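Here is my_file_35.txt, consisting of compact mmCIF, C-alpha atoms:
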# COMPACT_ATOMS: atom_id res chain seq x y z
CA GLN D 1 -6.33 8.09 -15.58
CA VAL D 2 -2.84 7.69 -14.20
CA GLN D 3 -1.17 4.31 -14.61
CA LEU D 4 1.94 3.02 -12.89
CA GLN D 5 4.14 0.18 -14.10
CA GLU D 6 7.04 -1.32 -12.19
CA SER D 7 9.94 -2.88 -14.08
CA GLY D 8 13.29 -4.44 -13.28
CA PRO D 9 15.08 -7.74 -12.75
CA GLY D 10 13.05 -10.51 -11.20
CA LEU D 11 16.11 -12.15 -9.68
CA VAL D 12 18.91 -10.54 -7.69
CA LYS D 13 21.86 -12.24 -6.01
CA PRO D 14 22.48 -11.87 -2.28
CA SER D 15 24.63 -8.85 -1.33
CA GLU D 16 23.87 -7.16 -4.67
CA THR D 17 21.65 -4.16 -5.40
CA LEU D 18 17.98 -4.36 -6.30
CA SER D 19 16.98 -1.69 -8.82
CA LEU D 20 13.42 -1.03 -9.94
CA THR D 21 11.76 1.66 -12.03
CA CYS D 22 8.20 2.89 -11.88
CA THR D 23 6.97 4.52 -15.09
CA VAL D 24 4.03 6.88 -14.66
CA SER D 25 1.71 7.46 -17.60
CA GLY D 26 -1.52 9.37 -18.04
CA GLY D 27 -0.57 12.04 -15.55
CA SER D 28 2.17 14.29 -14.31
CA ILE D 29 4.68 13.24 -11.71
CA SER D 30 4.48 16.70 -10.20
CA THR D 31 2.24 17.72 -7.31
CA TYR D 32 2.08 14.26 -5.74
CA TYR D 33 4.42 12.09 -3.75
CA TRP D 34 5.52 8.64 -4.89
CA SER D 35 5.94 5.66 -2.63
CA TRP D 36 7.51 2.23 -2.82
CA ILE D 37 5.84 -0.55 -0.87
CA ARG D 38 6.69 -4.24 -0.74
CA GLN D 39 5.01 -7.43 0.41
CA PRO D 40 7.15 -10.47 1.27
CA PRO D 41 5.41 -13.82 0.75
CA GLY D 42 2.84 -14.40 3.47
CA LYS D 43 3.55 -11.08 5.19
CA ARG D 44 1.93 -7.67 5.41
CA LEU D 45 2.59 -4.71 3.18
CA GLU D 46 5.65 -2.67 4.19
CA TRP D 47 6.12 0.96 3.17
CA LEU D 48 9.74 1.58 2.14
CA GLY D 49 9.68 5.30 1.54
CA TYR D 50 8.41 8.15 -0.60
CA ILE D 51 9.70 11.02 -2.63
CA PHE D 52 8.05 14.31 -3.44
CA HIS D 53 8.23 15.65 -6.96
CA SER D 54 10.64 18.23 -5.55
CA GLY D 55 13.06 15.45 -4.63
CA SER D 56 12.50 15.52 -0.88
CA VAL D 57 12.49 11.96 0.52
CA LYS D 58 11.37 10.04 3.61
CA TYR D 59 12.42 6.46 4.28
CA ASN D 60 11.29 3.71 6.59
CA PRO D 61 13.95 3.29 9.31
CA SER D 62 13.81 -0.48 8.69
CA VAL D 63 15.59 0.02 5.34
CA LYS D 64 16.91 3.57 5.61
CA SER D 65 20.58 2.62 5.51
CA ARG D 66 20.11 0.61 2.30
CA VAL D 67 17.45 2.39 0.26
CA THR D 68 17.49 5.24 -2.25
CA ILE D 69 14.44 6.63 -4.05
CA THR D 70 14.86 9.08 -6.90
CA VAL D 71 12.58 10.85 -9.35
CA ASP D 72 13.16 11.62 -13.04
CA LYS D 73 10.56 14.26 -13.87
CA SER D 74 11.60 14.57 -17.50
CA ASN D 75 10.76 10.90 -18.11
CA ASN D 76 7.97 10.52 -15.50
CA ARG D 77 9.84 7.81 -13.64
CA VAL D 78 10.49 6.97 -10.02
CA SER D 79 13.30 4.59 -9.11
CA LEU D 80 14.12 2.38 -6.15
CA ARG D 81 17.53 1.07 -5.21
CA LEU D 82 18.01 -1.32 -2.31
CA ASN D 83 21.54 -2.48 -1.69
CA SER D 84 23.07 -5.41 0.17
CA VAL D 85 19.96 -7.53 -0.37
CA THR D 86 19.27 -10.81 1.41
CA ALA D 87 16.58 -13.44 1.08
CA ALA D 88 14.45 -11.33 3.43
CA ASP D 89 14.14 -8.76 0.63
CA THR D 90 12.28 -11.24 -1.58
CA ALA D 91 8.89 -9.63 -2.14
CA VAL D 92 6.40 -8.15 -4.55
CA TYR D 93 7.42 -4.52 -4.95
CA TYR D 94 4.80 -1.87 -5.72
CA CYS D 95 5.02 1.78 -6.57
CA ALA D 96 2.10 4.01 -5.66
CA ARG D 97 0.99 7.62 -5.94
CA GLY D 98 0.24 9.34 -2.70
CA GLN D 99 -1.58 12.41 -1.59
CA SER D 100 -2.25 13.62 1.95
CA GLY D 101 -1.48 10.22 3.46
CA TRP D 102 -3.33 7.79 1.22
CA LEU D 103 -2.08 5.87 -1.79
CA ASP D 104 -4.64 6.38 -4.51
CA SER D 105 -3.03 4.70 -7.50
CA TRP D 106 -0.80 1.65 -7.52
CA GLY D 107 1.12 -0.41 -10.02
CA GLN D 108 0.35 -4.10 -10.23
CA GLY D 109 3.66 -4.96 -8.62
CA THR D 110 6.73 -6.92 -9.62
CA LEU D 111 8.12 -9.97 -7.87
CA VAL D 112 11.79 -9.78 -6.97
CA SER D 113 13.50 -12.89 -5.67
CA VAL D 114 16.86 -12.80 -3.94
CA SER D 115 18.76 -16.00 -4.57
CA SER D 116 22.13 -17.16 -5.76
CA ASP H 117 6.14 2.75 14.83
CA VAL H 118 2.35 2.62 15.02
CA GLN H 119 1.39 -1.05 15.18
CA MET H 120 -1.76 -2.08 13.34
CA THR H 121 -3.81 -5.19 14.02
CA GLN H 122 -6.80 -6.56 12.13
CA SER H 123 -9.43 -9.15 12.82
CA PRO H 124 -10.34 -11.60 11.64
CA SER H 125 -7.30 -12.74 9.67
CA SER H 126 -9.64 -14.56 7.32
CA LEU H 127 -13.33 -15.16 6.87
CA SER H 128 -15.55 -17.20 4.65
CA ALA H 129 -18.67 -15.60 3.27
CA SER H 130 -21.24 -15.90 0.53
CA VAL H 131 -22.46 -13.49 -2.10
CA GLY H 132 -24.99 -11.19 -0.46
CA ASP H 133 -23.49 -11.44 3.02
CA ARG H 134 -22.58 -8.48 5.19
CA VAL H 135 -18.89 -8.52 6.09
CA THR H 136 -17.20 -6.57 8.87
CA ILE H 137 -13.46 -6.21 9.51
CA THR H 138 -11.92 -4.38 12.42
CA CYS H 139 -8.59 -2.60 12.63
CA GLN H 140 -6.88 -1.42 15.79
CA ALA H 141 -3.97 0.98 16.17
CA SER H 142 -1.42 0.89 18.99
CA GLN H 143 -1.93 4.61 19.63
CA ASP H 144 -4.40 7.36 18.81
CA ILE H 145 -4.29 7.97 15.04
CA ARG H 146 -7.35 10.25 14.96
CA ASN H 147 -9.05 9.46 11.64
CA TYR H 148 -5.83 8.92 9.66
CA LEU H 149 -6.78 5.46 8.46
CA ASN H 150 -7.20 4.01 4.98
CA TRP H 151 -8.54 0.72 3.60
CA TYR H 152 -7.25 -1.09 0.52
CA GLN H 153 -8.35 -4.09 -1.51
CA VAL H 154 -5.60 -6.36 -2.84
CA LYS H 155 -6.00 -9.15 -5.35
CA PRO H 156 -3.07 -11.34 -6.50
CA GLY H 157 -1.45 -10.02 -9.66
CA LYS H 158 -3.52 -6.83 -9.66
CA ALA H 159 -2.86 -3.28 -8.56
CA PRO H 160 -4.07 -2.68 -5.01
CA LYS H 161 -7.07 -0.40 -4.83
CA LEU H 162 -7.80 2.39 -2.38
CA LEU H 163 -11.36 2.04 -1.07
CA ILE H 164 -11.63 4.33 1.96
CA PHE H 165 -9.43 7.24 3.07
CA GLY H 166 -9.59 9.31 6.22
CA ALA H 167 -11.43 6.47 8.01
CA SER H 168 -14.79 7.08 6.38
CA ASN H 169 -14.39 8.76 3.00
CA LEU H 170 -15.26 6.70 -0.04
CA GLU H 171 -12.70 6.96 -2.83
CA THR H 172 -14.12 8.18 -6.14
CA GLY H 173 -15.60 5.35 -8.17
CA VAL H 174 -15.78 2.89 -5.28
CA PRO H 175 -19.24 1.32 -4.80
CA SER H 176 -21.27 2.54 -1.85
CA ARG H 177 -21.52 -0.96 -0.39
CA PHE H 178 -18.06 -0.30 1.07
CA ARG H 179 -18.08 1.72 4.29
CA GLY H 180 -15.54 2.74 6.88
CA SER H 181 -15.95 4.17 10.35
CA GLY H 182 -14.09 4.83 13.57
CA SER H 183 -11.51 7.14 15.08
CA GLY H 184 -8.77 7.07 17.67
CA THR H 185 -7.60 3.47 17.90
CA HIS H 186 -10.57 1.41 16.73
CA PHE H 187 -11.88 1.24 13.17
CA THR H 188 -14.42 -0.79 11.26
CA PHE H 189 -14.71 -1.67 7.57
CA THR H 190 -17.97 -3.06 6.23
CA ILE H 191 -19.12 -4.50 2.94
CA SER H 192 -22.89 -4.30 3.13
CA THR H 193 -23.73 -6.84 0.42
CA LEU H 194 -20.82 -8.97 -0.73
CA GLN H 195 -20.40 -9.26 -4.49
CA PRO H 196 -18.39 -11.92 -6.38
CA GLU H 197 -15.67 -9.40 -7.22
CA ASP H 198 -15.16 -8.56 -3.53
CA PHE H 199 -13.37 -11.80 -2.67
CA ALA H 200 -9.90 -10.43 -1.94
CA PHE H 201 -7.53 -9.32 0.80
CA TYR H 202 -8.25 -6.13 2.72
CA TYR H 203 -5.65 -4.03 4.54
CA CYS H 204 -5.89 -1.03 6.81
CA GLN H 205 -3.08 1.56 6.82
CA GLN H 206 -2.37 4.47 9.14
CA TYR H 207 -0.85 7.79 8.17
CA GLU H 208 -0.82 9.64 11.46
CA ASP H 209 2.92 9.07 11.74
CA LEU H 210 5.83 7.84 9.68
CA PRO H 211 6.62 5.17 8.81
CA LEU H 212 3.29 4.44 7.17
CA THR H 213 2.20 1.06 8.51
CA PHE H 214 -0.32 -1.53 7.41
CA GLY H 215 -2.40 -4.10 9.18
CA PRO H 216 -1.71 -7.80 8.60
CA GLY H 217 -4.66 -8.11 6.24
CA THR H 218 -7.96 -9.98 6.14
CA LYS H 219 -8.68 -12.60 3.49
CA VAL H 220 -12.30 -12.71 2.40
CA ASP H 221 -13.06 -15.90 0.54
CA LEU H 222 -15.96 -18.03 -0.49
As structure tokens:
Amino acid sequence: QVQLQESGPGLVKPSETLSLTCTVSGGSISTYYWSWIRQPPGKRLEWLGYIFHSGSVKYNPSVKSRVTITVDKSNNRVSLRLNSVTAADTAVYYCARGQSGWLDSWGQGTLVSVSS
Amino acid sequence: DVQMTQSPSSLSASVGDRVTITCQASQDIRNYLNWYQVKPGKAPKLLIFGASNLETGVPSRFRGSGSGTHFTFTISTLQPEDFAFYYCQQYEDLPLTFGPGTKVDL
């Protein structure tokens, strides 16, 4: 059974870059697409974007100018970079595996706070 | 973007109760609608995909229905482990968007 684990700094300073890694175990990173989703405190889930195993990406226009998602097939990892962060980027960040429109496996999420 | 709404935003129920949550889309999304269960500190769980298809391993007390703009999610007999947040999500168009969630508590 595939497992996903997010990792990265829990605290980022305003205007800096948030970087997270999702390590996929128990399954191949190929064939599927891989999404990043976040949930700010008290708000709904927000899809940030996804990447196919081929490297093709789609981003949410709300963050498109600041976000980069990459895949490292040799190490079964998917990465998220979000630059120029503000307090509004404070959230629990999840990675998830997707197929045909639904997200069938998720990591447990990692809280990232933006504060000086 | 396709806007998703849910009702109620929260509900109180007891073990054994039947629980119903509705989700509405701002435009026709056919049957491109999923339901997730989210518990604090745990990985969210896909329950229903394609409006009415039960994900493998999910108990049959969970049921989804609807198409177009109006969808319903039902837990037929609430179990202790079902107290959680539930979210609908559309995939008819990008960006993928979620409903605001429904908290089911005791």
(message) Just checking: using all atoms listed in the file, which residue out of H:Ser181, H:Thr213, H:Thr136, H:Asn150 ends up closest to Pro61 of chain D?
(response) H:Thr213
(request) Name all residues at most 12 Å from Ser176 of chain H (count only C-alpha atoms; drop same-chain ones fewer than 4 positions away) and give them as a ChimeraX atom specification. (result) /H:163-164,168-172,180,190-194
Given all atoms listed in the file, how would the per-residue table for chain H near chain D read, listing every residue at most 8 Å away with its closest atom pair and distance in Å to one decimal, sorted by chain and number, as a Markdown table?
| residue | atom | partner | partner_atom | distance |
| --- | --- | --- | --- | --- |
| H:Tyr148 | CA | D:Gly101 | CA | 7.7 |
| H:Asn150 | CA | D:Trp102 | CA | 6.6 |
| H:Gly157 | CA | D:Gln108 | CA | 6.2 |
| H:Lys158 | CA | D:Gln108 | CA | 4.8 |
| H:Ala159 | CA | D:Gln108 | CA | 3.7 |
| H:Pro160 | CA | D:Trp106 | CA | 6.0 |
| H:Lys161 | CA | D:Ser105 | CA | 7.0 |
| H:Leu162 | CA | D:Asp104 | CA | 5.5 |
| H:Phe165 | CA | D:Trp102 | CA | 6.4 |
| H:Tyr207 | CA | D:Gly101 | CA | 5.3 |
| H:Leu210 | CA | D:Asn60 | CA | 7.5 |
| H:Pro211 | CA | D:Asn60 | CA | 5.4 |
| H:Leu212 | CA | D:Trp47 | CA | 6.0 |
| H:Thr213 | CA | D:Trp47 | CA | 6.6 |
| H:Phe214 | CA | D:Leu45 | CA | 6.0 |
| H:Gly215 | CA | D:Arg44 | CA | 6.8 |
| H:Pro216 | CA | D:Arg44 | CA | 4.8 |
| H:Gly217 | CA | D:Arg44 | CA | 6.7 |
(message) As an exercise, work out the distance from atom CA of Tyr203 of chain H to atom CA of Val112 of chain D in Å and give it to one decimal place.
(response) 21.7 Å
(message) Just checking: using only C-alpha atoms, which residue out of H:Asn147, H:Gln153, H:Ser125, H:Ser142 ends up closest to Ala200 of chain H?
(response)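 Smallest distance to Ala200 of chain H is found for H:Gln153.
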(message) What does the structure give for the distance between atom CA of Arg77 of chain D and atom CA of Gln1 of chain D, in Å to one decimal?
(response)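 Going from atom CA of Arg77 of chain D over to atom CA of Gln1 of chain D covers 16.3 Å.
The neighbours of Phe201 of chain H here are the residues that come within 7 Å of it, using only C-alpha atoms and leaving out any residue fewer than 6 positions away in the same chain; they are Gln153, Val154, Lys155, Gly217, Thr218, Lys219 and Val220 of chain H.
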(request) Could you give me, as a PyMOL selection string, the residues within 6 Å of Tyr33 of chain D, counting all atoms listed in the file and dropping anything in the same chain fewer than 3 positions from it? (result) chain D and resi 51-52+98
(message) For a cutoff of 8 Å around the file-coordinate point (-10.5, 8.4, 20.3), which residues qualify once you count all atoms listed in the file? I'd like the result as number ranges by chain.
(response) H: 144, 146, 183-186
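Taking atom CA of Asp133 of chain H as the reference point, atom CA of Tyr202 of chain H is found at 16.1 Å.
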(message) Let me make sure I understand: among D:Ser116, D:Thr31, D:Ser74, D:Thr68, which one has the smallest atom-to-atom distance to Thr86 of chain D if we use all atoms listed in the file?
(response)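 Selected residue with least distance to Thr86 of chain D: D:Ser116.
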